[in-house]
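J.: Have a look at the structure that comes next, please.
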Amino acid sequence: MPESEDPQRSGDQRVTGYGGGSVGTVISVEDVNRQAAAIAEAGVSAGRVAELAGPEPFVKIERLRAGYGKMEILHGFNLQVARRQSLCLIGPNGAGKSTVLHSIFGFTDIFDGRISVGGKDVTRLSAKDKLKTAGIAYILQDKSVFPGMTVEENLWMGGYLMDKPQRAKEKAEEIFGKYPRLAERRAHPAKVLSGGERRLLEISRALVMDPEVLLVDEPSIGLEPRFIDMVFEILDDLQRGEGKTIIMVEQNAKKGLEFADIGYVLVSGQLAMAGPGKALLEDPEVGRLFLGG
Ligand SMILES: Nc1ncnc2c1ncn2[C@@H]1O[C@H](COP(=O)(O)OP(=O)(O)OP(=O)(O)O)[C@@H](O)[C@H]1O
Ligand SMILES: [Mg+2]
């Protein structure tokens with residue numbers, strides 16, 4: 001291997017993947033990908049994936065091959081998480097992290113493998129049925145609120161699949177009881193909310209359907225630090241207070257791994273590393289590639 005490509009060597013420099021930190025030499029996206037791919041060679045066994053979730057996995061992905069059209073993005077991906085646990089996916093841009101969430105929710109083409117929730121096979125369910133009958137909710141990345149509608153109307157929209165519209169209104173009231181910050185702004189159009197309030201509305205809207213599993217794509221993206229902490233506190237309450245199971249993707253690897261019970265590093269559509277969130281956070285390789293030094 002030429003010296004310049006030796007991961008050990010470039011590790012001697014102060015490098016940063018993405019997400020800030022002090023910068024000596026900035027490691028390029030290509031370098032992160034190449035070095036991460038080297039780690040991925042070893043892979044993570046299905047046994048290790050099962051071990052991390054414990055004896056009663058709730059959401060299970062087995063040998064998933066999925067993508068868009070004919071393009072395969074995930075190549076034999078496994079995931080397991082127990083009820084009331086949280087799992088965070090990190091990895092380079094384009095690794096397929098969002099595609100994992102899309103696949104669980106029914107937005108991809110699935111070529112092979114199986115996805116189950118609570119023992120029920122949901123591999124081929126439509127997104128609508130995932131939400132309505134399988135208790136899975138997907139919280140979209142930024143800009144998914146209806147700006148011209150009031151906060152209250154946005155919450156009601158979260159229940160559009162409910163058979164009884166009145167039920168959505170009752171759920172909205174429950175949510176207002178829980179988050180006074182939203183209640184104070186219930187009659188305001190969503191477009192006047194701060195970034196943090198908007199994120200709270202996006203999360204709350206998903207709660208109207210009373211999901212058991214929350215799929216959260218980059219909850220901290222575009223937020224100021226004080227709102228980032230707020231979002232993680234809300235997620236913590238949803239997991240530990242309300243017993244939700246959370247599968248998230250987070251570009252802010254430090255925040256995500258601090259939060260999550262289980263951390264996965266995804267590289268080129270394959271599971272490269274897996275461990276308890278805090279253990280991954282302390283892993284020097286993860287630090288070097290994803291935590292900025
Ligand atoms: N709707 C789509 N149609 C076609 N290709 C897509 C679609 N969404 C994503 N892809 C492709 O799938 C690959 C994985 O994308 P994905 O969004 O899952 O990556 P990611 O790990 O979430 O990256 P990022 O950190 O940039 O969000 C990329 O090559 C991307 O171009
Ligand atoms: Mg993504």
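Identifiers for the structure tokens are assigned positionally: chains receive A, B, ... in sequence, residues are indexed from 1 per chain, and ligands are indexed from 1 in the order shown.
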I'd like the neighbourhood of Pro276 in chain A as a list in words, where a residue qualifies if any of its atoms comes within 8 Å (using only C-alpha atoms), though same-chain residues fewer than 4 positions away should be ignored.
T.: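 Close residues of Pro276 in chain A: Leu52, Ala260, Asp261, Ile262, Gly263 and Leu280 of chain A.
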J.: Dump the neighbourhood of ligand 2 as a count of residues only: all residues within 8 Å, distances computed on only C-alpha atoms and all ligand atoms.
T.: 9
J.: Identify, counting only C-alpha atoms and all ligand atoms, the protein, DNA and RNA residues located within 10 Å of ligand 1, and give them as a short mmCIF file (atom, residue, chain, number, x, y, z; two decimals) with N, CA and C atoms, in the first residue's frame.
T.:
data_model
loop_
_atom_site.label_atom_id
_atom_site.label_comp_id
_atom_site.auth_asym_id
_atom_site.auth_seq_id
_atom_site.Cartn_x
_atom_site.Cartn_y
_atom_site.Cartn_z
N ALA A 66 -31.71 -3.67 -0.74
CA ALA A 66 -32.73 -2.71 -1.14
C ALA A 66 -32.08 -1.52 -1.81
N GLY A 67 -32.89 -0.77 -2.56
CA GLY A 67 -32.37 0.42 -3.23
C GLY A 67 -33.48 1.14 -3.96
N TYR A 68 -33.09 1.77 -5.05
CA TYR A 68 -34.04 2.58 -5.82
C TYR A 68 -34.00 2.12 -7.26
N GLY A 69 -35.13 1.75 -7.81
CA GLY A 69 -35.16 1.22 -9.18
C GLY A 69 -34.33 -0.04 -9.20
N LYS A 70 -33.34 -0.07 -10.11
CA LYS A 70 -32.50 -1.28 -10.18
C LYS A 70 -31.23 -1.13 -9.35
N MET A 71 -31.04 0.06 -8.79
CA MET A 71 -29.79 0.31 -8.08
C MET A 71 -29.85 -0.21 -6.64
N GLU A 72 -28.96 -1.15 -6.34
CA GLU A 72 -28.93 -1.69 -4.98
C GLU A 72 -28.03 -0.82 -4.10
N ILE A 73 -28.57 -0.33 -2.99
CA ILE A 73 -27.82 0.53 -2.07
C ILE A 73 -27.40 -0.24 -0.82
N LEU A 74 -28.31 -1.03 -0.29
CA LEU A 74 -28.00 -1.83 0.91
C LEU A 74 -27.73 -3.26 0.48
N LEU A 89 -27.62 5.36 13.56
CA LEU A 89 -26.76 5.04 12.42
C LEU A 89 -25.91 6.25 12.09
N ILE A 90 -24.61 6.02 12.00
CA ILE A 90 -23.74 7.08 11.49
C ILE A 90 -22.96 6.52 10.30
N GLY A 91 -22.24 7.39 9.61
CA GLY A 91 -21.46 6.93 8.47
C GLY A 91 -21.32 8.04 7.45
N PRO A 92 -20.46 7.82 6.46
CA PRO A 92 -20.21 8.88 5.47
C PRO A 92 -21.45 9.23 4.66
N ASN A 93 -21.43 10.38 4.03
CA ASN A 93 -22.51 10.77 3.12
C ASN A 93 -22.66 9.72 2.04
N GLY A 94 -23.90 9.40 1.75
CA GLY A 94 -24.17 8.44 0.68
C GLY A 94 -24.01 6.99 1.07
N ALA A 95 -23.74 6.73 2.36
CA ALA A 95 -23.52 5.34 2.81
C ALA A 95 -24.80 4.51 2.75
N GLY A 96 -25.95 5.19 2.77
CA GLY A 96 -27.22 4.45 2.75
C GLY A 96 -28.00 4.55 4.05
N LYS A 97 -27.62 5.47 4.92
CA LYS A 97 -28.28 5.60 6.23
C LYS A 97 -29.77 5.92 6.08
N SER A 98 -30.05 6.96 5.29
CA SER A 98 -31.46 7.31 5.08
C SER A 98 -32.20 6.17 4.39
N THR A 99 -31.48 5.46 3.52
CA THR A 99 -32.10 4.35 2.80
C THR A 99 -32.55 3.24 3.76
N VAL A 100 -31.84 3.08 4.87
CA VAL A 100 -32.28 2.09 5.88
C VAL A 100 -33.65 2.51 6.42
N LEU A 101 -33.77 3.80 6.78
CA LEU A 101 -35.06 4.29 7.29
C LEU A 101 -36.14 4.20 6.21
N HIS A 102 -35.78 4.61 4.99
CA HIS A 102 -36.74 4.52 3.87
C HIS A 102 -37.23 3.08 3.70
N SER A 103 -36.31 2.14 3.85
CA SER A 103 -36.69 0.74 3.64
C SER A 103 -37.65 0.26 4.72
N PHE A 107 -40.34 2.94 1.48
CA PHE A 107 -40.06 3.89 0.39
C PHE A 107 -39.01 3.38 -0.59
N THR A 108 -38.55 2.16 -0.45
CA THR A 108 -37.50 1.68 -1.37
C THR A 108 -37.99 0.44 -2.12
N ASP A 109 -37.20 0.01 -3.06
CA ASP A 109 -37.45 -1.27 -3.71
C ASP A 109 -36.64 -2.32 -2.98
N GLN A 141 -36.88 14.70 7.44
CA GLN A 141 -35.87 15.75 7.56
C GLN A 141 -36.57 17.07 7.29
N ASP A 217 -34.76 10.96 10.95
CA ASP A 217 -33.60 11.24 10.09
C ASP A 217 -33.00 12.60 10.43
N GLU A 218 -31.83 12.59 10.99
CA GLU A 218 -31.07 13.81 11.30
C GLU A 218 -31.87 14.86 12.09
N VAL A 249 -30.90 8.43 12.35
CA VAL A 249 -29.68 8.72 11.61
C VAL A 249 -29.20 10.06 12.13
N GLU A 250 -27.92 10.20 12.39
CA GLU A 250 -27.46 11.49 12.89
C GLU A 250 -26.08 11.82 12.34
N GLN A 251 -26.02 12.96 11.66
CA GLN A 251 -24.75 13.44 11.11
C GLN A 251 -23.84 13.93 12.25
N LEU A 266 -22.41 2.68 9.22
CA LEU A 266 -22.75 2.13 7.91
C LEU A 266 -21.78 2.68 6.88
N VAL A 267 -21.21 1.80 6.08
CA VAL A 267 -20.29 2.23 5.02
C VAL A 267 -20.66 1.50 3.74
N SER A 268 -20.90 2.26 2.69
CA SER A 268 -21.23 1.66 1.38
C SER A 268 -22.30 0.57 1.48
N GLY A 269 -23.36 0.87 2.20
CA GLY A 269 -24.48 -0.06 2.25
C GLY A 269 -24.24 -1.30 3.09
#
J.: Restrict the calculation to only C-alpha atoms, then for each residue of range 214-270 of chain A with any atom at most 9 Å from an atom of range 79-87 of chain A give the closest atom pair and their distance in Å to one decimal, rows by chain and rising residue number, as a tab-separated table.
T.:
residue	atom	partner	partner_atom	distance
A:Gln239	CA	A:Arg84	CA	5.7
A:Arg240	CA	A:Arg84	CA	6.9
A:Glu242	CA	A:Arg84	CA	8.4
A:Gly243	CA	A:Arg84	CA	4.8
A:Lys244	CA	A:Arg84	CA	5.2
A:Thr245	CA	A:Arg84	CA	4.5
A:Ile246	CA	A:Ser86	CA	4.5
A:Ile247	CA	A:Leu87	CA	4.9
A:Met248	CA	A:Leu87	CA	6.2
A:Val249	CA	A:Leu87	CA	8.5
A:Gly256	CA	A:Leu87	CA	8.7
A:Leu257	CA	A:Leu87	CA	8.5
A:Phe259	CA	A:Ser86	CA	7.9
A:Ala260	CA	A:Ser86	CA	5.0
A:Asp261	CA	A:Ser86	CA	5.3
A:Ile262	CA	A:Leu87	CA	4.6
A:Gly263	CA	A:Leu87	CA	5.7
A:Tyr264	CA	A:Leu87	CA	7.5
J.: How many Å separate CA of Gly292 in chain A from CA of Asn33 in chain A?
T.: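 One can read the CA of Gly292 in chain A to CA of Asn33 in chain A distance as 14.5 Å.
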J.: DSSP on the backbone, then: every residue of range 63-179 of chain A marked strand (DSSP E), written as a PDB file with N, CA and C atoms, in the first residue's frame.
T.:
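Wrote part_29.pdb, looks like this:
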ATOM      1  N   ARG A  63     -30.649  -9.536   6.387  1.00  0.00           N
ATOM      2  CA  ARG A  63     -30.047  -9.678   5.055  1.00  0.00           C
ATOM      3  C   ARG A  63     -30.742  -8.828   3.986  1.00  0.00           C
ATOM      4  N   LEU A  64     -30.979  -7.573   4.312  1.00  0.00           N
ATOM      5  CA  LEU A  64     -31.745  -6.716   3.404  1.00  0.00           C
ATOM      6  C   LEU A  64     -30.926  -6.246   2.214  1.00  0.00           C
ATOM      7  N   ARG A  65     -31.494  -6.477   1.047  1.00  0.00           N
ATOM      8  CA  ARG A  65     -30.945  -5.880  -0.173  1.00  0.00           C
ATOM      9  C   ARG A  65     -32.008  -4.958  -0.722  1.00  0.00           C
ATOM     10  N   ALA A  66     -31.710  -3.675  -0.737  1.00  0.00           N
ATOM     11  CA  ALA A  66     -32.732  -2.713  -1.142  1.00  0.00           C
ATOM     12  C   ALA A  66     -32.085  -1.515  -1.813  1.00  0.00           C
ATOM     13  N   GLY A  67     -32.890  -0.771  -2.558  1.00  0.00           N
ATOM     14  CA  GLY A  67     -32.370   0.416  -3.235  1.00  0.00           C
ATOM     15  C   GLY A  67     -33.479   1.139  -3.960  1.00  0.00           C
ATOM     16  N   TYR A  68     -33.095   1.774  -5.051  1.00  0.00           N
ATOM     17  CA  TYR A  68     -34.041   2.583  -5.820  1.00  0.00           C
ATOM     18  C   TYR A  68     -33.995   2.123  -7.264  1.00  0.00           C
ATOM     19  N   MET A  71     -31.041   0.056  -8.786  1.00  0.00           N
ATOM     20  CA  MET A  71     -29.786   0.313  -8.077  1.00  0.00           C
ATOM     21  C   MET A  71     -29.848  -0.215  -6.641  1.00  0.00           C
ATOM     22  N   GLU A  72     -28.960  -1.151  -6.339  1.00  0.00           N
ATOM     23  CA  GLU A  72     -28.933  -1.692  -4.976  1.00  0.00           C
ATOM     24  C   GLU A  72     -28.029  -0.824  -4.101  1.00  0.00           C
ATOM     25  N   ILE A  73     -28.574  -0.334  -2.992  1.00  0.00           N
ATOM     26  CA  ILE A  73     -27.821   0.528  -2.073  1.00  0.00           C
ATOM     27  C   ILE A  73     -27.405  -0.244  -0.820  1.00  0.00           C
ATOM     28  N   LEU A  74     -28.313  -1.034  -0.285  1.00  0.00           N
ATOM     29  CA  LEU A  74     -28.000  -1.832   0.913  1.00  0.00           C
ATOM     30  C   LEU A  74     -27.734  -3.264   0.484  1.00  0.00           C
ATOM     31  N   HIS A  75     -26.578  -3.772   0.921  1.00  0.00           N
ATOM     32  CA  HIS A  75     -26.151  -5.091   0.444  1.00  0.00           C
ATOM     33  C   HIS A  75     -26.106  -6.075   1.609  1.00  0.00           C
ATOM     34  N   GLY A  76     -27.218  -6.681   1.913  1.00  0.00           N
ATOM     35  CA  GLY A  76     -27.227  -7.688   2.983  1.00  0.00           C
ATOM     36  C   GLY A  76     -27.121  -7.071   4.367  1.00  0.00           C
ATOM     37  N   PHE A  77     -27.936  -6.057   4.603  1.00  0.00           N
ATOM     38  CA  PHE A  77     -27.870  -5.298   5.856  1.00  0.00           C
ATOM     39  C   PHE A  77     -28.716  -5.947   6.957  1.00  0.00           C
ATOM     40  N   ASN A  78     -28.130  -6.022   8.150  1.00  0.00           N
ATOM     41  CA  ASN A  78     -28.847  -6.555   9.324  1.00  0.00           C
ATOM     42  C   ASN A  78     -28.986  -5.467  10.378  1.00  0.00           C
ATOM     43  N   LEU A  79     -30.105  -5.497  11.095  1.00  0.00           N
ATOM     44  CA  LEU A  79     -30.314  -4.555  12.208  1.00  0.00           C
ATOM     45  C   LEU A  79     -31.246  -5.222  13.210  1.00  0.00           C
ATOM     46  N   GLN A  80     -30.971  -4.999  14.488  1.00  0.00           N
ATOM     47  CA  GLN A  80     -31.898  -5.459  15.518  1.00  0.00           C
ATOM     48  C   GLN A  80     -31.921  -4.447  16.645  1.00  0.00           C
ATOM     49  N   VAL A  81     -33.134  -4.152  17.099  1.00  0.00           N
ATOM     50  CA  VAL A  81     -33.272  -3.252  18.235  1.00  0.00           C
ATOM     51  C   VAL A  81     -34.475  -3.716  19.052  1.00  0.00           C
ATOM     52  N   ALA A  82     -34.335  -3.659  20.366  1.00  0.00           N
ATOM     53  CA  ALA A  82     -35.427  -4.114  21.229  1.00  0.00           C
ATOM     54  C   ALA A  82     -36.412  -2.979  21.468  1.00  0.00           C
ATOM     55  N   SER A  86     -32.898   2.590  21.765  1.00  0.00           N
ATOM     56  CA  SER A  86     -32.636   3.507  20.660  1.00  0.00           C
ATOM     57  C   SER A  86     -31.382   3.049  19.929  1.00  0.00           C
ATOM     58  N   LEU A  87     -31.400   3.252  18.618  1.00  0.00           N
ATOM     59  CA  LEU A  87     -30.271   2.864  17.777  1.00  0.00           C
ATOM     60  C   LEU A  87     -29.946   4.036  16.865  1.00  0.00           C
ATOM     61  N   CYS A  88     -28.665   4.352  16.752  1.00  0.00           N
ATOM     62  CA  CYS A  88     -28.247   5.465  15.887  1.00  0.00           C
ATOM     63  C   CYS A  88     -27.307   4.976  14.794  1.00  0.00           C
ATOM     64  N   LEU A  89     -27.624   5.360  13.560  1.00  0.00           N
ATOM     65  CA  LEU A  89     -26.763   5.043  12.419  1.00  0.00           C
ATOM     66  C   LEU A  89     -25.910   6.254  12.085  1.00  0.00           C
ATOM     67  N   ILE A  90     -24.611   6.025  11.995  1.00  0.00           N
ATOM     68  CA  ILE A  90     -23.737   7.084  11.494  1.00  0.00           C
ATOM     69  C   ILE A  90     -22.963   6.524  10.297  1.00  0.00           C
ATOM     70  N   ASP A 109     -37.197   0.009  -3.055  1.00  0.00           N
ATOM     71  CA  ASP A 109     -37.450  -1.268  -3.711  1.00  0.00           C
ATOM     72  C   ASP A 109     -36.643  -2.322  -2.975  1.00  0.00           C
ATOM     73  N   ILE A 110     -37.337  -3.335  -2.506  1.00  0.00           N
ATOM     74  CA  ILE A 110     -36.660  -4.379  -1.730  1.00  0.00           C
ATOM     75  C   ILE A 110     -36.448  -5.602  -2.604  1.00  0.00           C
ATOM     76  N   PHE A 111     -35.185  -5.989  -2.747  1.00  0.00           N
ATOM     77  CA  PHE A 111     -34.833  -7.099  -3.641  1.00  0.00           C
ATOM     78  C   PHE A 111     -34.755  -8.415  -2.888  1.00  0.00           C
ATOM     79  N   ASP A 112     -34.380  -8.327  -1.621  1.00  0.00           N
ATOM     80  CA  ASP A 112     -34.243  -9.568  -0.850  1.00  0.00           C
ATOM     81  C   ASP A 112     -34.171  -9.217   0.631  1.00  0.00           C
ATOM     82  N   GLY A 113     -34.416 -10.190   1.475  1.00  0.00           N
ATOM     83  CA  GLY A 113     -34.317  -9.974   2.916  1.00  0.00           C
ATOM     84  C   GLY A 113     -35.681  -9.719   3.536  1.00  0.00           C
ATOM     85  N   ARG A 114     -35.669  -9.421   4.822  1.00  0.00           N
ATOM     86  CA  ARG A 114     -36.917  -9.373   5.571  1.00  0.00           C
ATOM     87  C   ARG A 114     -36.842  -8.300   6.647  1.00  0.00           C
ATOM     88  N   ILE A 115     -37.977  -7.605   6.829  1.00  0.00           N
ATOM     89  CA  ILE A 115     -38.091  -6.617   7.899  1.00  0.00           C
ATOM     90  C   ILE A 115     -39.288  -7.006   8.752  1.00  0.00           C
ATOM     91  N   SER A 116     -39.092  -7.097  10.058  1.00  0.00           N
ATOM     92  CA  SER A 116     -40.226  -7.423  10.920  1.00  0.00           C
ATOM     93  C   SER A 116     -40.261  -6.518  12.133  1.00  0.00           C
ATOM     94  N   VAL A 117     -41.484  -6.304  12.616  1.00  0.00           N
ATOM     95  CA  VAL A 117     -41.692  -5.504  13.823  1.00  0.00           C
ATOM     96  C   VAL A 117     -42.579  -6.319  14.761  1.00  0.00           C
ATOM     97  N   LYS A 120     -44.000  -9.488  13.398  1.00  0.00           N
ATOM     98  CA  LYS A 120     -44.847  -9.405  12.207  1.00  0.00           C
ATOM     99  C   LYS A 120     -44.020  -8.978  11.000  1.00  0.00           C
ATOM    100  N   ASP A 121     -44.174  -9.735   9.910  1.00  0.00           N
ATOM    101  CA  ASP A 121     -43.428  -9.406   8.694  1.00  0.00           C
ATOM    102  C   ASP A 121     -44.024  -8.154   8.054  1.00  0.00           C
ATOM    103  N   ILE A 136     -45.448   2.306  12.926  1.00  0.00           N
ATOM    104  CA  ILE A 136     -44.146   2.880  12.578  1.00  0.00           C
ATOM    105  C   ILE A 136     -44.361   4.299  12.052  1.00  0.00           C
ATOM    106  N   ALA A 137     -43.627   5.261  12.567  1.00  0.00           N
ATOM    107  CA  ALA A 137     -43.738   6.625  12.066  1.00  0.00           C
ATOM    108  C   ALA A 137     -42.378   7.118  11.601  1.00  0.00           C
ATOM    109  N   TYR A 138     -42.413   7.890  10.547  1.00  0.00           N
ATOM    110  CA  TYR A 138     -41.184   8.397   9.953  1.00  0.00           C
ATOM    111  C   TYR A 138     -41.187   9.910  10.103  1.00  0.00           C
ATOM    112  N   ILE A 139     -40.189  10.430  10.776  1.00  0.00           N
ATOM    113  CA  ILE A 139     -40.110  11.880  10.955  1.00  0.00           C
ATOM    114  C   ILE A 139     -39.159  12.426   9.900  1.00  0.00           C
TER     115      ILE A 139
END
J.: Between A:Asn252, A:Gln35, A:Thr123, A:Ser220, single out the one closest to Leu200 in chain A, counting only C-alpha atoms.
T.: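 Looking at the shortest contact to Leu200 in chain A, the residue is A:Ser220.
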J.: Please extract the residues of range 39-197 of chain A with a backbone DSSP assignment of helix (DSSP H, G or I) and present them as a VMD selection string.
T.: chain A and resid 39 to 40 46 to 53 97 to 105 127 to 133 151 to 157 165 to 178 180 to 183 190 to 192 195 to 197
